[in-house]
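**Student:** Pasting target-v4.txt here (compact mmCIF, C-alpha atoms):
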# COMPACT_ATOMS: atom_id res chain seq x y z
CA LEU A 1 -53.18 -13.35 28.67
CA GLU A 2 -51.52 -9.90 28.47
CA THR A 3 -48.39 -11.32 30.10
CA ASP A 4 -48.27 -14.21 27.61
CA LEU A 5 -48.69 -11.85 24.66
CA GLU A 6 -45.94 -9.56 25.99
CA ASN A 7 -43.62 -12.52 26.43
CA ASP A 8 -44.36 -13.74 22.88
CA PHE A 9 -43.75 -10.24 21.49
CA GLU A 10 -40.48 -9.84 23.39
CA SER A 11 -39.21 -13.25 22.28
CA GLU A 12 -40.07 -12.47 18.64
CA SER A 13 -38.38 -9.06 18.90
CA GLU A 14 -35.30 -10.59 20.47
CA SER A 15 -35.23 -13.25 17.74
CA GLU A 16 -35.43 -10.59 15.00
CA LEU A 17 -32.74 -8.55 16.75
CA GLU A 18 -30.47 -11.59 16.94
CA GLU A 19 -31.00 -12.18 13.18
CA VAL A 20 -30.02 -8.58 12.45
CA GLU A 21 -26.95 -8.85 14.66
CA VAL A 22 -25.92 -12.06 12.91
CA LYS A 23 -26.26 -10.37 9.50
CA VAL A 24 -24.25 -7.37 10.65
CA SER A 25 -21.51 -9.48 12.19
CA SER A 26 -21.31 -11.63 9.07
CA ASN A 27 -20.69 -8.54 6.96
CA LYS A 28 -18.18 -6.86 9.24
CA ARG A 29 -15.30 -8.56 10.98
CA ASN A 30 -14.86 -7.61 14.59
CA PHE A 31 -11.39 -7.27 16.04
CA PRO A 32 -10.75 -6.73 19.75
CA LYS A 33 -9.75 -3.16 20.48
CA PRO A 34 -6.01 -3.05 21.23
CA GLU A 35 -5.01 -2.57 24.83
CA LYS A 36 -2.28 -0.29 26.09
CA LYS A 37 1.12 -1.94 25.90
CA ARG A 38 4.75 -1.01 26.41
CA PRO A 39 7.24 -0.95 23.54
CA LYS A 40 8.96 -4.15 22.45
CA THR A 41 12.41 -5.00 23.76
CA PRO A 42 14.86 -3.10 21.51
CA ASP A 43 16.52 -5.12 18.77
CA LYS A 44 20.06 -5.77 20.03
CA GLU A 45 21.77 -5.57 16.63
CA LYS A 46 20.04 -2.32 15.70
CA ALA A 47 20.82 -0.84 19.11
CA GLU A 48 24.51 -1.72 18.77
CA ALA A 49 24.65 -0.36 15.22
CA ALA A 50 23.03 2.91 16.37
CA SER A 51 25.36 3.29 19.36
CA LYS A 52 28.37 3.19 17.01
CA LYS A 53 27.06 6.39 15.42
CA ASP A 54 27.08 8.26 18.75
CA GLU A 55 29.34 11.31 18.72
CA SER A 56 30.67 10.61 22.22
CA GLU A 57 30.14 8.47 25.29
CA LYS A 58 27.74 11.11 26.61
CA THR A 59 25.50 11.11 23.52
CA SER A 60 23.06 8.58 24.91
CA GLU A 61 22.64 10.54 28.15
CA GLU A 62 22.20 13.80 26.21
CA TYR A 63 19.48 12.22 24.06
CA ARG A 64 17.59 11.11 27.14
CA LYS A 65 17.78 14.59 28.62
CA THR A 66 16.45 16.07 25.38
CA ILE A 67 13.54 13.64 25.43
CA LYS A 68 12.78 14.49 29.05
CA TYR A 69 13.39 18.25 29.13
CA GLY A 70 13.61 19.47 25.52
CA ILE A 71 11.19 21.75 23.71
CA ALA A 72 9.06 20.40 20.85
CA SER A 73 11.45 21.45 18.05
CA GLU A 74 14.46 19.89 19.81
CA ILE A 75 12.61 16.64 20.41
CA SER A 76 11.33 16.55 16.82
CA ASP A 77 14.85 17.01 15.44
CA LEU A 78 16.15 14.26 17.72
CA ILE A 79 13.40 11.82 16.69
CA ASP A 80 14.21 12.51 13.02
CA LYS A 81 17.80 11.51 13.77
CA LEU A 82 16.73 8.37 15.65
CA VAL A 83 14.43 7.35 12.78
CA ALA A 84 17.22 7.88 10.23
CA ASN A 85 19.55 5.69 12.34
CA GLU A 86 16.85 3.08 13.09
CA ASP A 87 17.77 3.59 16.72
CA PRO A 88 15.51 1.62 19.12
CA ARG A 89 17.42 2.38 22.34
CA PHE A 90 15.11 5.14 23.54
CA ALA A 91 11.77 3.45 22.88
CA ASP A 92 10.67 3.42 26.53
CA ASP A 93 11.64 7.07 27.07
CA ILE A 94 9.82 8.15 23.93
CA TYR A 95 6.76 6.07 24.77
CA ASP A 96 6.55 7.75 28.23
CA LEU A 97 6.89 11.14 26.53
CA PHE A 98 3.98 10.29 24.23
CA GLN A 99 1.74 9.74 27.27
CA THR A 100 2.50 13.19 28.73
CA THR A 101 3.28 15.59 25.87
CA LYS A 102 0.69 18.14 24.78
CA SER A 103 2.47 18.81 21.49
CA THR A 104 0.69 17.27 18.50
CA ASP A 105 3.86 17.76 16.44
CA VAL A 106 5.80 15.60 18.88
CA LYS A 107 3.06 12.95 18.95
CA GLU A 108 3.10 12.73 15.16
CA LYS A 109 6.89 12.33 15.18
CA ILE A 110 6.62 9.58 17.79
CA LEU A 111 4.09 7.73 15.62
CA VAL A 112 6.67 7.84 12.83
CA TYR A 113 9.36 6.56 15.20
CA PHE A 114 7.40 3.53 16.39
CA GLY A 115 6.02 2.90 12.89
CA ASN A 116 9.58 2.76 11.61
CA LEU A 117 10.39 0.20 14.33
CA GLU A 118 7.17 -1.70 13.47
CA ASP A 119 6.30 -1.55 17.16
CA PRO A 120 2.53 -1.75 17.90
CA CYS A 121 2.79 -0.05 21.30
CA LEU A 122 0.70 2.94 20.07
CA GLU A 123 -1.89 0.85 18.29
CA ASP A 124 -4.55 1.73 20.88
CA PHE A 125 -4.07 5.46 20.23
CA ALA A 126 -4.02 5.13 16.43
CA VAL A 127 -7.16 2.98 16.29
CA THR A 128 -9.01 5.38 18.62
CA VAL A 129 -8.14 8.32 16.35
CA LEU A 130 -9.22 6.47 13.21
CA GLU A 131 -12.54 5.50 14.81
CA ASP A 132 -13.46 9.21 14.90
CA PRO A 133 -10.95 11.17 12.83
CA PHE A 134 -13.04 14.17 11.89
CA ASP A 135 -12.30 16.26 14.98
CA GLU A 136 -8.58 15.49 14.90
CA ARG A 137 -5.81 17.43 13.20
CA ARG A 138 -5.43 16.19 9.64
CA ALA A 139 -1.68 15.58 10.01
CA THR A 140 -2.33 13.45 13.10
CA VAL A 141 -4.89 11.31 11.26
CA LYS A 142 -2.50 10.79 8.35
CA ALA A 143 0.26 9.81 10.79
CA CYS A 144 -2.13 7.24 12.28
CA PHE A 145 -2.92 5.82 8.84
CA THR A 146 0.79 5.40 8.11
CA TYR A 147 1.43 3.91 11.54
CA VAL A 148 -1.25 1.19 11.30
CA GLN A 149 0.07 0.31 7.84
CA LYS A 150 3.60 -0.09 9.19
CA VAL A 151 2.57 -2.27 12.14
CA LYS A 152 -0.01 -4.22 10.08
CA SER A 153 -2.78 -3.47 12.57
CA LYS A 154 -5.75 -5.76 11.93
CA ALA A 155 -7.58 -4.03 14.76
CA ALA A 156 -7.70 -0.87 12.64
CA VAL A 157 -9.59 -2.55 9.76
CA PRO A 158 -13.18 -1.82 10.97
CA ALA A 159 -12.36 1.84 11.64
CA VAL A 160 -10.70 2.28 8.25
CA LEU A 161 -13.61 0.63 6.43
CA ARG A 162 -16.03 2.98 8.17
CA ILE A 163 -14.02 5.96 6.89
CA ILE A 164 -14.36 4.59 3.36
CA GLU A 165 -18.11 4.16 3.89
CA ASN A 166 -18.38 7.82 4.91
CA GLU A 167 -16.82 8.71 1.53
CA ASN A 168 -15.07 11.71 3.06
CA GLU A 169 -12.74 13.08 0.39
CA ASP A 170 -10.15 14.14 2.97
CA TYR A 171 -9.36 10.57 3.99
CA PHE A 172 -10.84 8.33 1.30
CA ASN A 173 -7.55 7.67 -0.51
CA ASP A 174 -5.59 7.30 2.74
CA ALA A 175 -8.13 4.76 3.97
CA LEU A 176 -7.96 2.81 0.72
CA THR A 177 -4.15 2.74 0.79
CA THR A 178 -4.29 1.50 4.36
CA ILE A 179 -6.75 -1.29 3.54
CA GLY A 180 -4.43 -2.27 0.70
CA ASP A 181 -1.70 -2.87 3.29
CA ILE A 182 -3.67 -4.39 6.18
CA GLY A 183 -6.87 -5.70 4.55
CA GLU A 184 -7.81 -9.17 3.38
CA ALA A 185 -9.90 -10.73 0.62
CA GLU A 186 -13.28 -10.16 2.25
CA ASP A 187 -12.43 -6.48 2.70
CA ALA A 188 -11.71 -6.29 -1.03
CA VAL A 189 -15.08 -7.86 -1.84
CA GLN A 190 -16.76 -5.23 0.31
CA LEU A 191 -14.82 -2.49 -1.50
CA THR A 192 -16.10 -3.60 -4.91
CA GLU A 193 -19.60 -2.56 -3.80
CA TYR A 194 -18.46 1.08 -4.04
CA LEU A 195 -17.63 0.70 -7.73
CA ASP A 196 -21.32 0.67 -8.64
CA LYS A 197 -22.24 3.76 -6.64
CA PRO A 198 -23.22 6.63 -8.95
CA GLU A 199 -21.58 9.24 -6.72
CA ILE A 200 -18.10 7.69 -6.78
CA THR A 201 -15.55 9.81 -8.65
CA ASP A 202 -13.07 8.57 -11.25
CA ALA A 203 -10.20 9.45 -8.89
CA GLN A 204 -11.77 7.30 -6.16
CA LYS A 205 -12.26 4.45 -8.63
CA GLN A 206 -8.59 4.66 -9.59
CA ALA A 207 -7.59 4.45 -5.94
CA LEU A 208 -9.91 1.47 -5.50
CA MET A 209 -8.27 -0.38 -8.42
CA LYS A 210 -4.83 0.08 -6.87
CA THR A 211 -6.08 -1.19 -3.51
CA LEU A 212 -7.75 -4.28 -4.95
CA GLY A 213 -4.49 -5.15 -6.68
CA LYS A 214 -2.49 -4.78 -3.47
CA ILE A 215 -4.83 -7.07 -1.54
CA HIS A 216 -4.51 -9.73 -4.29
CA ALA A 217 -8.17 -10.62 -3.83
CA VAL A 218 -9.02 -13.09 -6.60
CA GLU A 219 -12.63 -12.93 -5.40
CA THR A 220 -12.89 -9.57 -7.20
CA TRP A 221 -11.28 -10.84 -10.43
CA ASP A 222 -14.49 -10.97 -12.52
CA LYS A 223 -15.36 -7.39 -11.59
CA LEU A 224 -11.91 -6.12 -12.51
CA VAL A 225 -11.99 -7.92 -15.87
CA GLU A 226 -15.34 -6.28 -16.60
CA ILE A 227 -13.88 -2.85 -15.79
CA ALA A 228 -10.60 -3.35 -17.68
CA GLU A 229 -12.42 -4.45 -20.85
CA ASN A 230 -15.07 -1.72 -20.73
CA ASP A 231 -14.33 0.85 -23.46
CA ASP A 232 -16.71 3.33 -21.84
CA GLU A 233 -14.87 3.28 -18.51
CA ASN A 234 -12.41 6.01 -17.52
CA LEU A 235 -9.01 5.25 -19.09
CA PHE A 236 -7.04 5.54 -15.86
CA VAL A 237 -9.48 3.27 -14.06
CA ARG A 238 -8.95 0.68 -16.82
CA MET A 239 -5.18 1.10 -16.56
CA TYR A 240 -5.10 0.43 -12.82
CA ALA A 241 -7.56 -2.44 -13.25
CA ALA A 242 -5.18 -4.06 -15.75
CA GLU A 243 -2.26 -3.76 -13.35
CA ALA A 244 -4.40 -5.12 -10.49
CA LEU A 245 -5.36 -8.16 -12.58
CA GLY A 246 -1.68 -8.97 -12.89
CA ALA A 247 -0.99 -8.34 -9.21
CA MET A 248 -3.54 -11.03 -8.33
CA GLU A 249 -1.19 -13.53 -10.05
CA LYS A 250 -4.14 -15.48 -11.41
CA LYS A 251 -3.04 -17.11 -14.70
CA GLU A 252 -6.44 -16.53 -16.24
CA SER A 253 -5.47 -12.85 -16.29
CA VAL A 254 -2.85 -13.42 -18.99
CA PRO A 255 -5.21 -13.86 -22.00
CA VAL A 256 -7.25 -10.89 -20.76
CA LEU A 257 -4.13 -8.71 -20.58
CA VAL A 258 -2.83 -9.95 -23.92
CA GLY A 259 -6.15 -8.92 -25.49
CA LEU A 260 -5.94 -5.50 -23.84
CA TYR A 261 -2.44 -4.97 -25.20
CA GLU A 262 -3.98 -4.65 -28.66
CA GLU A 263 -5.77 -1.45 -27.57
CA LYS A 264 -4.70 1.80 -29.27
CA ASP A 265 -4.00 3.84 -26.15
CA PRO A 266 -0.30 3.57 -25.16
CA ASN A 267 -1.04 4.32 -21.50
CA LEU A 268 -3.27 1.27 -21.29
CA ARG A 269 -0.63 -0.87 -23.05
CA GLN A 270 1.94 0.37 -20.55
CA TYR A 271 -0.19 -0.77 -17.61
CA VAL A 272 -0.97 -4.07 -19.31
CA LEU A 273 2.79 -4.71 -19.24
CA LYS A 274 2.86 -3.87 -15.53
CA GLY A 275 0.26 -6.61 -15.12
CA LEU A 276 2.13 -9.13 -17.29
CA GLU A 277 5.30 -8.63 -15.21
CA TYR A 278 3.72 -10.89 -12.57
CA PHE A 279 3.85 -13.95 -14.86
CA PRO A 280 7.51 -14.86 -15.48
CA ASP A 281 6.65 -18.51 -16.16
CA VAL A 282 3.91 -17.92 -18.74
CA LEU A 283 5.18 -18.01 -22.33
CA GLU A 284 2.34 -15.87 -23.66
CA ALA A 285 3.16 -13.12 -21.16
CA LYS A 286 6.88 -13.23 -21.98
CA ALA A 287 6.18 -13.08 -25.72
CA VAL A 288 4.12 -9.88 -25.38
CA ILE A 289 6.77 -8.25 -23.18
CA ILE A 290 9.53 -8.98 -25.70
CA GLN A 291 7.46 -7.71 -28.61
CA ALA A 292 6.61 -4.58 -26.59
CA VAL A 293 10.31 -3.64 -26.56
CA ARG A 294 9.66 -2.43 -30.12
CA ASP A 295 6.28 -0.80 -29.48
CA ASP A 296 5.64 2.47 -31.34
CA HIS A 297 5.36 4.48 -28.12
CA TYR A 298 8.45 5.17 -26.02
CA LYS A 299 6.56 4.83 -22.71
CA VAL A 300 5.50 1.32 -23.64
CA ARG A 301 9.04 0.42 -24.77
CA THR A 302 10.47 1.71 -21.49
CA GLU A 303 7.96 -0.30 -19.46
CA ALA A 304 8.67 -3.41 -21.55
CA ILE A 305 12.42 -3.06 -20.90
CA GLU A 306 11.70 -2.78 -17.17
CA ALA A 307 9.57 -5.93 -17.41
CA VAL A 308 12.46 -7.71 -19.17
CA LYS A 309 14.63 -6.81 -16.19
CA LYS A 310 12.09 -8.01 -13.62
CA GLN A 311 11.59 -11.32 -15.42
CA GLU A 312 15.28 -11.63 -16.39
CA LEU A 313 14.36 -12.41 -19.99
CA ILE A 314 17.71 -13.32 -21.53
CA GLU A 315 16.01 -13.94 -24.87
CA ALA A 316 15.26 -10.21 -25.10
CA VAL A 317 18.97 -9.25 -25.32
CA PRO A 318 19.06 -8.90 -29.15
CA TYR A 319 16.04 -6.58 -28.97
CA LEU A 320 17.73 -4.48 -26.28
CA THR A 321 21.02 -4.15 -28.18
CA TYR A 322 19.15 -3.06 -31.31
CA ARG A 323 17.13 -0.47 -29.41
CA ALA A 324 20.25 0.74 -27.60
CA GLN A 325 21.83 1.41 -31.00
CA ASN A 326 18.84 2.77 -32.86
CA ASP A 327 16.10 4.05 -30.57
CA PRO A 328 15.19 7.71 -31.20
CA GLU A 329 14.54 8.27 -27.47
CA GLU A 330 17.59 8.79 -25.25
CA LYS A 331 15.61 7.57 -22.24
CA VAL A 332 14.97 4.21 -23.94
CA LYS A 333 18.63 3.84 -24.90
CA LEU A 334 19.79 4.47 -21.33
CA LYS A 335 17.27 1.96 -20.00
CA CYS A 336 18.61 -0.63 -22.44
CA TYR A 337 22.19 -0.08 -21.21
CA GLU A 338 21.05 -0.55 -17.61
CA VAL A 339 19.14 -3.78 -18.30
CA LEU A 340 21.82 -5.26 -20.55
CA ALA A 341 24.31 -4.80 -17.72
CA PHE A 342 21.87 -6.35 -15.26
CA LEU A 343 21.25 -9.42 -17.47
CA ASN A 344 25.04 -9.90 -17.73
CA THR A 345 25.10 -12.03 -20.89
CA GLN A 346 28.10 -12.47 -23.16
CA GLU A 347 26.26 -10.88 -26.08
CA GLY A 348 25.09 -7.92 -24.02
CA ASN A 349 28.46 -7.37 -22.37
CA ASP A 350 30.30 -7.48 -25.71
CA PHE A 351 27.94 -4.85 -27.04
CA LEU A 352 28.45 -2.59 -24.00
CA ILE A 353 32.24 -2.90 -24.19
CA GLU A 354 32.17 -2.11 -27.90
Starting from the file, give its structure as structure tokens.
**Tutor:**
Amino acid sequence: LETDLENDFESESESELEEVEVKVSSNKRNFPKPEKKRPKTPDKEKAEAASKKDESEKTSEEYRKTIKYGIASEISDLIDKLVANEDPRFADDIYDLFQTTKSTDVKEKILVYFGNLEDPCLEDFAVTVLEDPFDERRATVKACFTYVQKVKSKAAVPAVLRIIENENEDYFNDALTTIGDIGEAEDAVQLTEYLDKPEITDAQKQALMKTLGKIHAVETWDKLVEIAENDDENLFVRMYAAEALGAMEKKESVPVLVGLYEEKDPNLRQYVLKGLEYFPDVLEAKAVIIQAVRDDHYKVRTEAIEAVKKQELIEAVPYLTYRAQNDPEEKVKLKCYEVLAFLNTQEGNDFLIE
């Protein structure tokens, strides 16, 4: 009887444990941890282009000697030069150096080098650092954030989300920026949960708005509309929410943004225009942008002129020529000249020549 009861208890416990594991796995995506790997084969065209910048036939050999025998400052200077030249020829040498060097400065430079090449050969190192960043040098952690963004490392997503959950101010914004580059819609949905936490700061909310816009997660659209239209919300949070609504490229955002453009604050109107820029084929969006060229505030006019450029709104040319002649702000006039030249219409060109 005791044995039967123990077996029943164990099976029930195992069943409950399985249910918990299922719930956890449904909330968090699991990616396999990246394995060690060598650098990619160097891009032939980039290698040839870089070799043409060599000072002599011995330059390549001298670089390899610096990588093998140089001190940290010499190696760092060389890597800066290789990054500037997009030079992939020394990837294997630099990768081997990464495995042996004790210099954190050199390691950070190497992360920049391979990030610039979009080579995931150091993904295993970067993900390991981000899994437990709090005992690492801050500059190293930031270099890892940048690196996983550059190589679009999906394997880094769980680690980055955990950093956001810890709400550590040192890395919160870096983690959000990274999720904006490598995350997906379900990550965005998870991020919206933080918006309702009482301890979240306005600065963190602003960073969240930017990230949600970058991910283009329409699943969070209702929440962002609620925030953008909330008069009691922090102004900058509303501004970034408005821009994010546009970045989602959901046409239902247009009437929301058009309504927000009627707000008194010019900063909010400016960011509404940033949102409307994403809708070049929507007449209502174009109409607001053109009318905003003559907004009372110069910041809004400048943003509207930039939106005209992005959408190539030829019909705005008469507004631009008028503002170029009459605007009280020199900055607005100069922006009009630039966009009139870009649009390259007969009317605009005649005005510029005159």
**Student:** Counting only C-alpha atoms, figure out which residue out of A:Lys58, A:Ala304, A:His216, A:Val332 gets nearest to Tyr261 in chain A.
**Tutor:**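 Closest residue, counting only C-alpha atoms: A:Ala304.
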**Student:** Within 6 Å of range 158-168 of chain A, counting all atoms listed in the file, which residues show up once you throw out same-chain ones fewer than 6 positions away? Write them as an mmCIF file with C-alpha atoms, in the coordinates of the input, please.
**Tutor:**
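Contents of the output file around27.cif:
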data_model
loop_
_atom_site.group_PDB
_atom_site.id
_atom_site.type_symbol
_atom_site.label_atom_id
_atom_site.label_comp_id
_atom_site.auth_asym_id
_atom_site.auth_seq_id
_atom_site.Cartn_x
_atom_site.Cartn_y
_atom_site.Cartn_z
ATOM 1 C CA LEU A 130 -9.220 6.470 13.210
ATOM 2 C CA GLU A 131 -12.540 5.500 14.810
ATOM 3 C CA ALA A 175 -8.130 4.760 3.970
#
**Student:** Have a look at CA of Tyr322 in chain A and CA of Glu262 in chain A and let me know their distance in Å, one decimal.
**Tutor:**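 So the two atoms, CA of Tyr322 in chain A and CA of Glu262 in chain A, lie 23.3 Å apart.
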**Student:** For Phe98 in chain A, which of A:Val300, A:Leu283, A:Cys121, A:Leu343 is the closest residue, counting only C-alpha atoms?
**Tutor:**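 Smallest separation from Phe98 in chain A among the options: A:Cys121.
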**Student:** Near Val151 in chain A, counting all atoms listed in the file, which residues have an atom at most 6 Å away, once you skip same-chain residues fewer than 3 positions from it, shown as number ranges by chain?
**Tutor:** A: 118, 120, 148
**Student:** Can you tell me, as a PyMOL selection string, what residues are no more than 9 Å from Lys214 in chain A when counting only C-alpha atoms, ignoring any on the same chain fewer than 6 positions away?
**Tutor:** chain A and resi 177+179-181+244+247-248
**Student:** Which of these residues is nearest to Thr104 in chain A, using all atoms listed in the file: A:Lys152, A:Arg89, A:Lys40, A:Arg137?
**Tutor:** A:Arg137
**Student:** Could you check how far CA of Lys205 in chain A sits from CA of Ala228 in chain A, in Å to one decimal?
**Tutor:**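 About the pair CA of Lys205 in chain A and CA of Ala228 in chain A: they are 12.1 Å apart.
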**Student:** Looking at only C-alpha atoms, which of A:Thr59, A:Asn85, A:Thr302, A:Gln99 is the one that sits closest to Gln270 in chain A?
**Tutor:**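 That would be A:Thr302, the residue with the smallest distance to Gln270 in chain A.
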**Student:** What's the 9 Å shell around range 273-281 of chain A, counting all atoms listed in the file, without same-chain residues fewer than 3 positions away, as a PyMOL selection string?
**Tutor:** chain A and resi 242-251+253-254+257-258+261+268-270+285-286+288-289+292+300+303-304+306-308+310-313
